[in-house]
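J.: PDB, C-alpha atoms and all ligand atoms, file structure36.pdb:
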```pdb
ATOM      1  CA  MET A   1      90.190 187.188  75.133
ATOM      2  CA  LEU A   2      88.486 184.046  76.358
ATOM      3  CA  SER A   3      87.078 183.231  72.975
ATOM      4  CA  SER A   4      90.010 182.002  70.923
ATOM      5  CA  PRO A   5      91.272 178.999  72.951
ATOM      6  CA  ALA A   6      87.750 178.212  74.106
ATOM      7  CA  THR A   7      86.511 178.167  70.521
ATOM      8  CA  LEU A   8      89.261 175.715  69.672
ATOM      9  CA  LEU A   9      87.763 173.360  72.235
ATOM     10  CA  THR A  10      84.217 173.605  70.958
ATOM     11  CA  LYS A  11      83.739 170.669  68.577
ATOM     12  CA  PRO A  12      80.302 169.944  67.111
ATOM     13  CA  GLY A  13      78.189 168.128  69.677
ATOM     14  CA  SER A  14      80.656 168.680  72.494
ATOM     15  CA  PHE A  15      80.331 170.914  75.530
ATOM     16  CA  ASP A  16      80.217 174.611  74.517
ATOM     17  CA  LEU A  17      82.840 176.126  76.788
ATOM     18  CA  THR A  18      82.765 179.578  75.187
ATOM     19  CA  ASN A  19      79.083 179.932  75.895
ATOM     20  CA  TYR A  20      79.367 178.410  79.374
ATOM     21  CA  LEU A  21      82.219 180.726  80.408
ATOM     22  CA  SER A  22      80.584 183.871  79.104
ATOM     23  CA  GLU A  23      77.188 183.068  80.686
ATOM     24  CA  GLN A  24      78.690 182.279  84.089
ATOM     25  CA  ARG A  25      80.989 185.259  83.871
ATOM     26  CA  GLU A  26      78.093 187.603  83.077
ATOM     27  CA  TYR A  27      76.156 186.285  86.064
ATOM     28  CA  ILE A  28      79.168 186.694  88.370
ATOM     29  CA  ASP A  29      79.965 190.210  87.101
ATOM     30  CA  LEU A  30      76.369 191.287  87.671
ATOM     31  CA  GLU A  31      76.411 189.993  91.252
ATOM     32  CA  LEU A  32      79.843 191.532  91.922
ATOM     33  CA  GLU A  33      78.543 194.924  90.681
ATOM     34  CA  ARG A  34      75.779 194.709  93.255
ATOM     35  CA  ALA A  35      77.900 193.290  96.066
ATOM     36  CA  ILE A  36      79.503 196.495  97.312
ATOM     37  CA  ALA A  37      77.702 199.790  97.915
ATOM     38  CA  VAL A  38      79.758 202.975  98.019
ATOM     39  CA  VAL A  39      79.069 204.519 101.427
ATOM     40  CA  HIS A  40      81.162 206.496 103.909
ATOM     41  CA  PRO A  41      84.221 206.342 103.859
ATOM     42  CA  LYS A  42      83.864 206.452 100.079
ATOM     43  CA  LYS A  43      87.533 206.091  99.209
ATOM     44  CA  LEU A  44      87.680 202.632 100.761
ATOM     45  CA  PHE A  45      84.695 201.348  98.795
ATOM     46  CA  GLU A  46      85.837 202.977  95.565
ATOM     47  CA  SER A  47      89.234 201.362  95.965
ATOM     48  CA  MET A  48      87.642 197.931  96.607
ATOM     49  CA  LYS A  49      85.394 198.290  93.566
ATOM     50  CA  TYR A  50      88.214 199.581  91.353
ATOM     51  CA  SER A  51      90.104 196.314  91.655
ATOM     52  CA  LEU A  52      87.113 193.992  91.917
ATOM     53  CA  LEU A  53      85.245 195.235  88.841
ATOM     54  CA  CYS A  54      87.946 195.129  86.260
ATOM     55  CA  GLY A  55      86.962 192.417  83.819
ATOM     56  CA  GLY A  56      89.091 189.523  85.078
ATOM     57  CA  LYS A  57      88.609 186.009  83.677
ATOM     58  CA  ARG A  58      86.596 185.061  86.816
ATOM     59  CA  LEU A  59      87.874 181.486  86.588
ATOM     60  CA  ARG A  60      87.827 180.880  90.350
ATOM     61  CA  PRO A  61      84.182 181.916  90.863
ATOM     62  CA  ILE A  62      83.202 179.980  87.733
ATOM     63  CA  LEU A  63      84.838 176.898  89.269
ATOM     64  CA  CYS A  64      82.850 177.449  92.468
ATOM     65  CA  LEU A  65      79.548 177.506  90.548
ATOM     66  CA  ALA A  66      80.647 174.451  88.544
ATOM     67  CA  GLY A  67      81.560 172.539  91.740
ATOM     68  CA  CYS A  68      78.112 173.289  93.147
ATOM     69  CA  GLU A  69      76.337 172.228  89.943
ATOM     70  CA  LEU A  70      78.352 169.005  89.736
ATOM     71  CA  ALA A  71      77.222 168.157  93.266
ATOM     72  CA  GLY A  72      73.588 168.713  92.288
ATOM     73  CA  GLY A  73      73.065 172.294  93.508
ATOM     74  CA  ASP A  74      71.753 175.370  91.646
ATOM     75  CA  ARG A  75      74.249 178.107  90.867
ATOM     76  CA  GLU A  76      72.172 180.509  93.020
ATOM     77  CA  LEU A  77      73.241 178.463  96.032
ATOM     78  CA  ALA A  78      76.925 179.150  95.366
ATOM     79  CA  ILE A  79      76.893 182.666  93.922
ATOM     80  CA  ALA A  80      77.673 184.418  97.242
ATOM     81  CA  THR A  81      80.649 182.121  97.841
ATOM     82  CA  ALA A  82      81.760 182.511  94.215
ATOM     83  CA  CYS A  83      81.737 186.322  94.626
ATOM     84  CA  ALA A  84      83.566 185.989  97.961
ATOM     85  CA  ILE A  85      86.272 183.948  96.265
ATOM     86  CA  GLU A  86      86.764 186.666  93.642
ATOM     87  CA  MET A  87      86.955 189.239  96.471
ATOM     88  CA  LEU A  88      89.644 187.155  98.186
ATOM     89  CA  HIS A  89      91.555 186.720  94.951
ATOM     90  CA  THR A  90      91.371 190.478  94.326
ATOM     91  CA  ALA A  91      92.524 191.232  97.891
ATOM     92  CA  SER A  92      95.536 188.990  97.413
ATOM     93  CA  LEU A  93      96.444 190.685  94.109
ATOM     94  CA  ILE A  94      96.149 194.194  95.587
ATOM     95  CA  HIS A  95      98.560 193.166  98.345
ATOM     96  CA  ASP A  96     100.808 191.262  95.938
ATOM     97  CA  ASP A  97     101.287 194.405  93.814
ATOM     98  CA  LEU A  98     102.332 196.617  96.746
ATOM     99  CA  PRO A  99     105.916 197.925  96.795
ATOM    100  CA  ALA A 100     106.635 195.747  99.859
ATOM    101  CA  MET A 101     105.777 192.661  97.798
ATOM    102  CA  ASP A 102     106.056 192.485  93.993
ATOM    103  CA  ASP A 103     105.997 196.246  93.443
ATOM    104  CA  ASP A 104     103.913 196.005  90.292
ATOM    105  CA  ASP A 105     102.411 199.085  88.645
ATOM    106  CA  VAL A 106      99.987 197.339  86.273
ATOM    107  CA  ARG A 107      97.217 194.842  86.957
ATOM    108  CA  ARG A 108      94.496 193.630  84.621
ATOM    109  CA  GLY A 109      95.519 196.243  82.067
ATOM    110  CA  ARG A 110      95.169 199.187  84.468
ATOM    111  CA  PRO A 111      97.315 200.938  87.071
ATOM    112  CA  SER A 112      97.566 198.832  90.236
ATOM    113  CA  ASN A 113      95.353 199.785  93.169
ATOM    114  CA  HIS A 114      98.120 201.544  95.146
ATOM    115  CA  LYS A 115      99.115 203.566  92.068
ATOM    116  CA  VAL A 116      95.620 205.065  92.010
ATOM    117  CA  PHE A 117      94.656 205.203  95.696
ATOM    118  CA  GLY A 118      98.003 205.153  97.515
ATOM    119  CA  GLU A 119      99.605 202.372  99.547
ATOM    120  CA  GLY A 120      97.650 202.921 102.754
ATOM    121  CA  VAL A 121      94.260 202.745 101.054
ATOM    122  CA  ALA A 122      95.333 199.755  98.929
ATOM    123  CA  LEU A 123      96.393 197.867 102.039
ATOM    124  CA  LEU A 124      93.052 198.584 103.675
ATOM    125  CA  ALA A 125      91.056 197.764 100.524
ATOM    126  CA  GLY A 126      92.690 194.313 100.602
ATOM    127  CA  ASP A 127      91.887 193.909 104.291
ATOM    128  CA  ALA A 128      88.316 195.051 103.684
ATOM    129  CA  LEU A 129      87.771 192.664 100.757
ATOM    130  CA  LEU A 130      89.194 189.786 102.791
ATOM    131  CA  THR A 131      86.897 190.342 105.783
ATOM    132  CA  TYR A 132      83.851 191.377 103.752
ATOM    133  CA  SER A 133      84.122 188.201 101.671
ATOM    134  CA  LEU A 134      83.469 186.081 104.762
ATOM    135  CA  GLU A 135      80.606 188.306 105.918
ATOM    136  CA  PHE A 136      79.180 188.113 102.382
ATOM    137  CA  ILE A 137      79.026 184.307 102.502
ATOM    138  CA  ILE A 138      77.333 184.338 105.907
ATOM    139  CA  THR A 139      74.725 186.959 105.031
ATOM    140  CA  ARG A 140      74.018 186.149 101.355
ATOM    141  CA  THR A 141      74.006 182.360 101.112
ATOM    142  CA  PRO A 142      70.485 180.936 100.764
ATOM    143  CA  ARG A 143      69.371 178.990 103.834
ATOM    144  CA  ILE A 144      71.413 175.815 104.293
ATOM    145  CA  PRO A 145      72.178 173.819 107.466
ATOM    146  CA  ALA A 146      74.501 175.879 109.728
ATOM    147  CA  GLU A 147      76.935 172.956 109.906
ATOM    148  CA  ARG A 148      77.349 173.031 106.122
ATOM    149  CA  LEU A 149      77.992 176.775 106.135
ATOM    150  CA  LEU A 150      80.614 176.302 108.840
ATOM    151  CA  GLN A 151      82.268 173.597 106.733
ATOM    152  CA  VAL A 152      82.431 176.011 103.767
ATOM    153  CA  LEU A 153      83.922 178.800 105.888
ATOM    154  CA  HIS A 154      86.436 176.399 107.397
ATOM    155  CA  THR A 155      87.573 175.192 103.955
ATOM    156  CA  LEU A 156      88.019 178.756 102.790
ATOM    157  CA  ILE A 157      89.840 180.046 105.878
ATOM    158  CA  ARG A 158      92.121 176.985 105.967
ATOM    159  CA  LEU A 159      93.132 177.482 102.341
ATOM    160  CA  ILE A 160      93.729 181.250 102.398
ATOM    161  CA  GLY A 161      95.465 181.470 105.758
ATOM    162  CA  VAL A 162      98.646 180.262 107.392
ATOM    163  CA  SER A 163      98.685 176.956 105.538
ATOM    164  CA  GLY A 164      97.437 178.356 102.206
ATOM    165  CA  LEU A 165      97.850 181.642 100.329
ATOM    166  CA  VAL A 166      99.752 183.453 103.070
ATOM    167  CA  ALA A 167     102.234 180.573 103.485
ATOM    168  CA  GLY A 168     102.792 180.410  99.715
ATOM    169  CA  GLN A 169     103.311 184.159  99.444
ATOM    170  CA  ILE A 170     105.886 184.324 102.221
ATOM    171  CA  ALA A 171     107.810 181.385 100.787
ATOM    172  CA  ASP A 172     107.696 183.213  97.433
ATOM    173  CA  LEU A 173     109.092 186.404  98.979
ATOM    174  CA  GLU A 174     111.826 184.475 100.773
ATOM    175  CA  SER A 175     112.885 182.659  97.622
ATOM    176  CA  GLU A 176     113.346 185.884  95.647
ATOM    177  CA  GLY A 177     116.909 186.206  94.424
ATOM    178  CA  ALA A 178     117.987 182.930  96.038
ATOM    179  CA  LEU A 179     120.064 180.768  93.733
ATOM    180  CA  ASP A 180     119.563 177.431  95.477
ATOM    181  CA  VAL A 181     115.768 177.143  95.240
ATOM    182  CA  ASP A 182     114.741 173.580  94.362
ATOM    183  CA  LEU A 183     111.671 172.186  92.632
ATOM    184  CA  GLN A 184     110.143 171.117  95.950
ATOM    185  CA  THR A 185     110.195 174.727  97.170
ATOM    186  CA  VAL A 186     108.692 176.034  93.936
ATOM    187  CA  GLU A 187     105.947 173.432  94.235
ATOM    188  CA  PHE A 188     105.340 174.461  97.872
ATOM    189  CA  ILE A 189     104.971 178.090  96.760
ATOM    190  CA  HIS A 190     102.736 177.448  93.761
ATOM    191  CA  SER A 191     100.514 174.895  95.416
ATOM    192  CA  ARG A 192      99.780 177.348  98.218
ATOM    193  CA  LYS A 193      99.754 180.798  96.661
ATOM    194  CA  THR A 194      97.667 179.704  93.652
ATOM    195  CA  ALA A 195      96.307 176.160  93.875
ATOM    196  CA  SER A 196      94.871 176.703  97.381
ATOM    197  CA  LEU A 197      92.290 179.240  96.238
ATOM    198  CA  VAL A 198      91.386 177.136  93.197
ATOM    199  CA  GLU A 199      90.810 174.209  95.569
ATOM    200  CA  ALA A 200      88.739 176.426  97.876
ATOM    201  CA  ALA A 201      86.571 177.484  94.917
ATOM    202  CA  VAL A 202      85.665 174.006  93.656
ATOM    203  CA  VAL A 203      85.391 172.373  97.077
ATOM    204  CA  THR A 204      83.238 175.066  98.705
ATOM    205  CA  GLY A 205      80.907 174.963  95.698
ATOM    206  CA  ALA A 206      80.446 171.225  96.151
ATOM    207  CA  GLN A 207      80.156 171.480  99.940
ATOM    208  CA  LEU A 208      77.354 174.042  99.630
ATOM    209  CA  ALA A 209      75.389 171.422  97.690
ATOM    210  CA  GLY A 210      76.111 168.791 100.363
ATOM    211  CA  ALA A 211      78.635 166.696  98.397
ATOM    212  CA  GLU A 212      79.785 163.398  99.899
ATOM    213  CA  GLU A 213      83.353 162.996 101.152
ATOM    214  CA  ASP A 214      84.528 160.969  98.123
ATOM    215  CA  MET A 215      83.377 163.660  95.683
ATOM    216  CA  VAL A 216      84.961 166.413  97.797
ATOM    217  CA  SER A 217      88.302 164.531  97.844
ATOM    218  CA  ARG A 218      88.243 163.985  94.083
ATOM    219  CA  LEU A 219      87.386 167.625  93.438
ATOM    220  CA  ALA A 220      90.139 168.773  95.811
ATOM    221  CA  ARG A 221      92.694 166.670  93.887
ATOM    222  CA  TYR A 222      91.325 167.922  90.536
ATOM    223  CA  ALA A 223      91.607 171.522  91.762
ATOM    224  CA  ARG A 224      95.118 171.156  93.194
ATOM    225  CA  ASN A 225      96.304 169.760  89.866
ATOM    226  CA  ILE A 226      94.718 172.444  87.688
ATOM    227  CA  GLY A 227      95.786 175.113  90.207
ATOM    228  CA  LEU A 228      99.410 174.073  89.999
ATOM    229  CA  ALA A 229      99.172 173.838  86.202
ATOM    230  CA  PHE A 230      97.628 177.329  86.167
ATOM    231  CA  GLN A 231     100.632 178.790  87.979
ATOM    232  CA  ILE A 232     103.136 176.917  85.786
ATOM    233  CA  ILE A 233     101.399 178.379  82.710
ATOM    234  CA  ASP A 234     101.463 181.783  84.435
ATOM    235  CA  ASP A 235     105.246 181.452  84.810
ATOM    236  CA  ILE A 236     105.566 180.392  81.160
ATOM    237  CA  LEU A 237     103.429 183.335  79.982
ATOM    238  CA  ASP A 238     105.521 185.695  82.088
ATOM    239  CA  VAL A 239     108.406 184.751  79.789
ATOM    240  CA  THR A 240     106.569 184.410  76.467
ATOM    241  CA  ALA A 241     103.587 186.819  76.411
ATOM    242  CA  THR A 242     103.337 190.590  75.896
ATOM    243  CA  GLN A 243     102.107 193.180  78.406
ATOM    244  CA  GLU A 244      99.096 193.779  76.147
ATOM    245  CA  ALA A 245      98.070 190.115  76.277
ATOM    246  CA  LEU A 246      98.818 189.719  79.989
ATOM    247  CA  GLY A 247      97.408 193.005  81.307
ATOM    248  CA  LYS A 248     100.407 193.078  83.666
ATOM    249  CA  THR A 249     104.163 193.494  83.434
ATOM    250  CA  PRO A 250     105.879 190.625  81.575
ATOM    251  CA  ASN A 251     109.327 189.251  82.517
ATOM    252  CA  LYS A 252     108.590 190.235  86.083
ATOM    253  CA  ASP A 253     109.756 186.871  87.495
ATOM    254  CA  GLN A 254     113.133 187.135  85.815
ATOM    255  CA  THR A 255     113.634 190.754  86.878
ATOM    256  CA  ALA A 256     112.795 189.896  90.479
ATOM    257  CA  ARG A 257     114.796 186.654  90.208
ATOM    258  CA  LYS A 258     111.802 184.592  91.283
ATOM    259  CA  ALA A 259     111.794 180.850  91.704
ATOM    260  CA  THR A 260     109.706 179.546  88.804
ATOM    261  CA  TYR A 261     109.225 176.327  86.825
ATOM    262  CA  PRO A 262     110.749 177.753  83.611
ATOM    263  CA  ARG A 263     113.825 178.852  85.571
ATOM    264  CA  LEU A 264     114.303 175.375  87.033
ATOM    265  CA  LEU A 265     113.068 173.132  84.220
ATOM    266  CA  GLY A 266     113.085 175.243  81.056
ATOM    267  CA  LEU A 267     110.011 176.125  78.970
ATOM    268  CA  ALA A 268     109.442 172.780  77.203
ATOM    269  CA  GLU A 269     109.658 170.680  80.361
ATOM    270  CA  SER A 270     107.453 173.156  82.231
ATOM    271  CA  ARG A 271     104.803 172.813  79.499
ATOM    272  CA  ARG A 272     105.032 169.025  79.710
ATOM    273  CA  ARG A 273     104.598 169.174  83.495
ATOM    274  CA  ALA A 274     101.516 171.411  83.134
ATOM    275  CA  SER A 275      99.985 168.986  80.614
ATOM    276  CA  GLN A 276     100.609 166.035  82.951
ATOM    277  CA  LEU A 277      98.844 167.866  85.788
ATOM    278  CA  ILE A 278      95.850 168.689  83.554
ATOM    279  CA  ALA A 279      95.595 165.022  82.515
ATOM    280  CA  ALA A 280      95.757 163.891  86.163
ATOM    281  CA  ALA A 281      93.078 166.437  87.077
ATOM    282  CA  LYS A 282      90.687 165.183  84.381
ATOM    283  CA  LEU A 283      91.202 161.582  85.512
ATOM    284  CA  GLU A 284      89.774 162.470  88.931
ATOM    285  CA  LEU A 285      86.492 163.437  87.248
ATOM    286  CA  ALA A 286      85.975 160.146  85.398
ATOM    287  CA  PRO A 287      83.305 158.783  87.807
ATOM    288  CA  PHE A 288      81.066 161.809  87.207
ATOM    289  CA  GLY A 289      80.541 161.312  83.447
ATOM    290  CA  ASP A 290      78.980 164.176  81.448
ATOM    291  CA  ARG A 291      78.204 166.118  84.604
ATOM    292  CA  ALA A 292      81.912 166.962  84.802
ATOM    293  CA  ASP A 293      82.020 168.497  81.286
ATOM    294  CA  PRO A 294      82.339 172.094  82.544
ATOM    295  CA  LEU A 295      85.226 171.184  84.864
ATOM    296  CA  ILE A 296      86.960 169.196  82.115
ATOM    297  CA  ALA A 297      86.557 172.102  79.693
ATOM    298  CA  VAL A 298      87.956 174.569  82.236
ATOM    299  CA  ALA A 299      90.980 172.288  82.737
ATOM    300  CA  ASN A 300      91.548 172.265  78.960
ATOM    301  CA  PHE A 301      91.155 176.029  78.853
ATOM    302  CA  ILE A 302      93.813 176.503  81.560
ATOM    303  CA  GLU A 303      96.257 174.408  79.553
ATOM    304  CA  MET A 304      95.696 176.470  76.398
ATOM    305  CA  ARG A 305      95.074 179.963  77.771
ATOM    306  CA  PRO A 306      96.951 182.757  75.966
ATOM    307  CA  SER A 307      96.933 185.182  78.901
TER     308      SER A 307
HETATM  309  C1  LIG A 401     100.248 186.575  92.585
HETATM  310  O1  LIG A 401     101.310 185.743  92.199
HETATM  311  C2  LIG A 401      99.965 186.406  94.043
HETATM  312  C3  LIG A 401      99.198 185.445  94.594
HETATM  313  C4  LIG A 401      98.536 184.437  93.759
HETATM  314  C5  LIG A 401      98.974 185.322  96.065
HETATM  315  C6  LIG A 401      99.176 186.554  96.875
HETATM  316  C7  LIG A 401      98.954 186.274  98.322
HETATM  317  C8  LIG A 401      99.053 187.167  99.314
HETATM  318  C9  LIG A 401      99.373 188.607  99.079
HETATM  319  C10 LIG A 401      98.844 186.741 100.744
HETATM  320  C11 LIG A 401      97.402 186.486 101.120
HETATM  321  C12 LIG A 401      96.533 187.656 101.030
HETATM  322  C13 LIG A 401      95.194 187.651 101.298
HETATM  323  C14 LIG A 401      94.436 188.921 101.218
HETATM  324  C15 LIG A 401      94.436 186.418 101.653
HETATM  325  P1  LIG A 401     102.383 186.241  91.125
HETATM  326  O2  LIG A 401     103.113 187.415  91.668
HETATM  327  O3  LIG A 401     103.172 185.065  90.727
HETATM  328  O4  LIG A 401     101.442 186.617  89.920
HETATM  329  P2  LIG A 401     101.276 188.003  89.173
HETATM  330  O5  LIG A 401     102.295 187.975  88.085
HETATM  331  O6  LIG A 401      99.879 187.965  88.637
HETATM  332  O7  LIG A 401     101.521 189.103  90.150
HETATM  333 MG    MG A 402     102.976 189.447  91.488
END
```
Spit out the file's structure as structure tokens when you get a sec.
Ligand code: FPP
Ligand code: MG

T.:
Amino acid sequence: MLSSPATLLTKPGSFDLTNYLSEQREYIDLELERAIAVVHPKKLFESMKYSLLCGGKRLRPILCLAGCELAGGDRELAIATACAIEMLHTASLIHDDLPAMDDDDVRRGRPSNHKVFGEGVALLAGDALLTYSLEFIITRTPRIPAERLLQVLHTLIRLIGVSGLVAGQIADLESEGALDVDLQTVEFIHSRKTASLVEAAVVTGAQLAGAEEDMVSRLARYARNIGLAFQIIDDILDVTATQEALGKTPNKDQTARKATYPRLLGLAESRRRASQLIAAAKLELAPFGDRADPLIAVANFIEMRPS
């Protein structure tokens, strides 16, 4: 699924995104397989693993490794944080699919977690992934100064909590069915429920490698732009793509009368807005030259992704 748009971007002599994505993804999947042992109470761990090991695109953890490499670190330094970010993302999707939220039966081409394990277990699997992700960073990151580790944890907690993912999700729930939702509100929702975790991924990767403030700020702006573009494309695909391509229910936003970019701006203008954000994101990387090739290629991939 990753290959077609990525292949389009691979010109002779240019950065090989297809290869880069599949290599990083393989590394991440291997580490995620090993991250959680099934012990007592088995149902909890099986439920966590069911949603975590499901062949997602792994874009957020890939961005974390790329942020670390851009800042001069080895990917081994960031792999625990990259896995933690995928755990957090998975936790948020398990909760998002619950009947009390989006009530979605399909995720990543399979029945949603609560459809298999029940609502109570799904709720707890999300809680467990959220808390374990932080423990995982603390116990599995190679030795770095404690101050740096604290900085990474702070970035992550700030961006998933009351001013990040949770804030975006509640604004999303509150906007459901409302007819007077404006663009500012949609941007508030998208920049928090989606762009926040993308920002956390790139920034924590760079912070692990000890990036200077200027680089961290540039990467944060890059990530916020591609994160917002990612969600706009998600809204567009919700209207235009099939369930087979998406691995989840299409037309869900319209059915739930969600506040989205296509609803407010139409498809063509939404696409234009996403392209503008991708261009702005790439501009932030100009000072880093070739070292930013992976991040530039990922930005291009987000713009062209089919699912
Ligand atoms: C999917 O959006 C949902 C999110 C990106 C964020 C969900 C956030 C929470 C449940 C709160 C925070 C939770 C934790 C564990 C930190 P969507 O419904 O637009 O996309 P979809 O079509 O893929 O469901
Ligand atoms: Mg949803």

J.: Within 6 Å of ligand LIG 401 (chain A), counting only C-alpha atoms and all ligand atoms, which protein or nucleic acid residues do you find, written as a compact mmCIF listing (two decimals) with C-alpha atoms, in the coordinates of the input?

T.:
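This is the output file out-v9.txt:
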```
# COMPACT_ATOMS: atom_id res chain seq x y z
CA LEU A 88 89.64 187.16 98.19
CA ALA A 91 92.52 191.23 97.89
CA SER A 92 95.54 188.99 97.41
CA LEU A 93 96.44 190.68 94.11
CA HIS A 95 98.56 193.17 98.34
CA ASP A 96 100.81 191.26 95.94
CA GLY A 126 92.69 194.31 100.60
CA LEU A 130 89.19 189.79 102.79
CA ILE A 160 93.73 181.25 102.40
CA LEU A 165 97.85 181.64 100.33
CA VAL A 166 99.75 183.45 103.07
CA GLN A 169 103.31 184.16 99.44
CA LYS A 193 99.75 180.80 96.66
CA THR A 194 97.67 179.70 93.65
```

J.: Do you have, as a tab-separated table, the list of residues of chain A lying at most 8 Å from ligand MG 402 (chain A), each with its nearest atom pair and that distance in Å to one decimal, counting only C-alpha atoms and all ligand atoms and ordered by chain then number?

T.:
```
residue	atom	partner	partner_atom	distance
A:Leu93	CA	A:MG402	MG	7.1
A:Asp96	CA	A:MG402	MG	5.3
A:Asp97	CA	A:MG402	MG	5.7
A:Met101	CA	A:MG402	MG	7.6
A:Asp102	CA	A:MG402	MG	5.0
A:Asp103	CA	A:MG402	MG	7.7
A:Asp104	CA	A:MG402	MG	6.7
A:Lys252	CA	A:MG402	MG	7.8
```

J.: On this structure, which residues satisfy the PyMOL selection byres (((chain A and resi 50) around 12) and not hetatm), written as a ChimeraX atom specification?

T.: /A:32-33,36,38,42-49,51-56,87,90-91,94,107-108,110-117,121-122,125-126,129

J.: Any chance you could resolve the PyMOL selection byres (((chain A and resi 198-201) around 8) and not hetatm) against this file and give the residues as a list in words?

T.: Arg60, Pro61, Leu63, Cys64, Gly67, Ala82, Ile85, Thr155, Leu156, Leu159, Thr194, Ala195, Ser196, Leu197, Val202, Val203, Thr204, Gly205, Leu219, Ala220, Arg221, Ala223, Arg224, Ile226 and Gly227 of chain A

J.: Hey, what's within 7 Å of range 137-144 of chain A if we count only C-alpha atoms and toss same-chain stuff fewer than 4 positions away? As JSON, numbers by chain, please?

T.: {"A": [77, 80, 81, 84, 133, 148, 149]}

J.: Give as a ChimeraX atom specification each residue that has an atom at most 12 Å from (97.0, 182.5, 81.1) in the file, counting only C-alpha atoms.

T.: /A:1-2,5,56-57,59,108,227,229-242,245-248,299-307

J.: Hey, what's within 8 Å of Leu183 in chain A if we count all atoms listed in the file and toss same-chain stuff fewer than 3 positions away? As a list in words, please?

T.: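 That gives Val186, Glu187, Tyr261 and Leu264 of chain A.
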
J.: Which residue gives the smallest distance to Ala209 in chain A among A:Glu23, A:Asp74, A:Glu31, A:Glu119, with only C-alpha atoms counted?

T.: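 Closest to Ala209 in chain A, using only C-alpha atoms: A:Asp74.
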
J.: Separation of CA of Phe188 in chain A and CA of Ala171 in chain A, in Å?

T.: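 Rounded to one decimal, the two atoms are 7.9 Å apart.
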
J.: Take CA of Asp127 in chain A and CA of Glu76 in chain A and report the distance between them in Å, one decimal.

T.: 26.4 Å

J.: If you measure from CA of Pro294 in chain A to CA of Thr18 in chain A, what distance in Å do you get, rounded to one decimal?

T.: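 We find that CA of Pro294 in chain A and CA of Thr18 in chain A lie 10.5 Å from each other.
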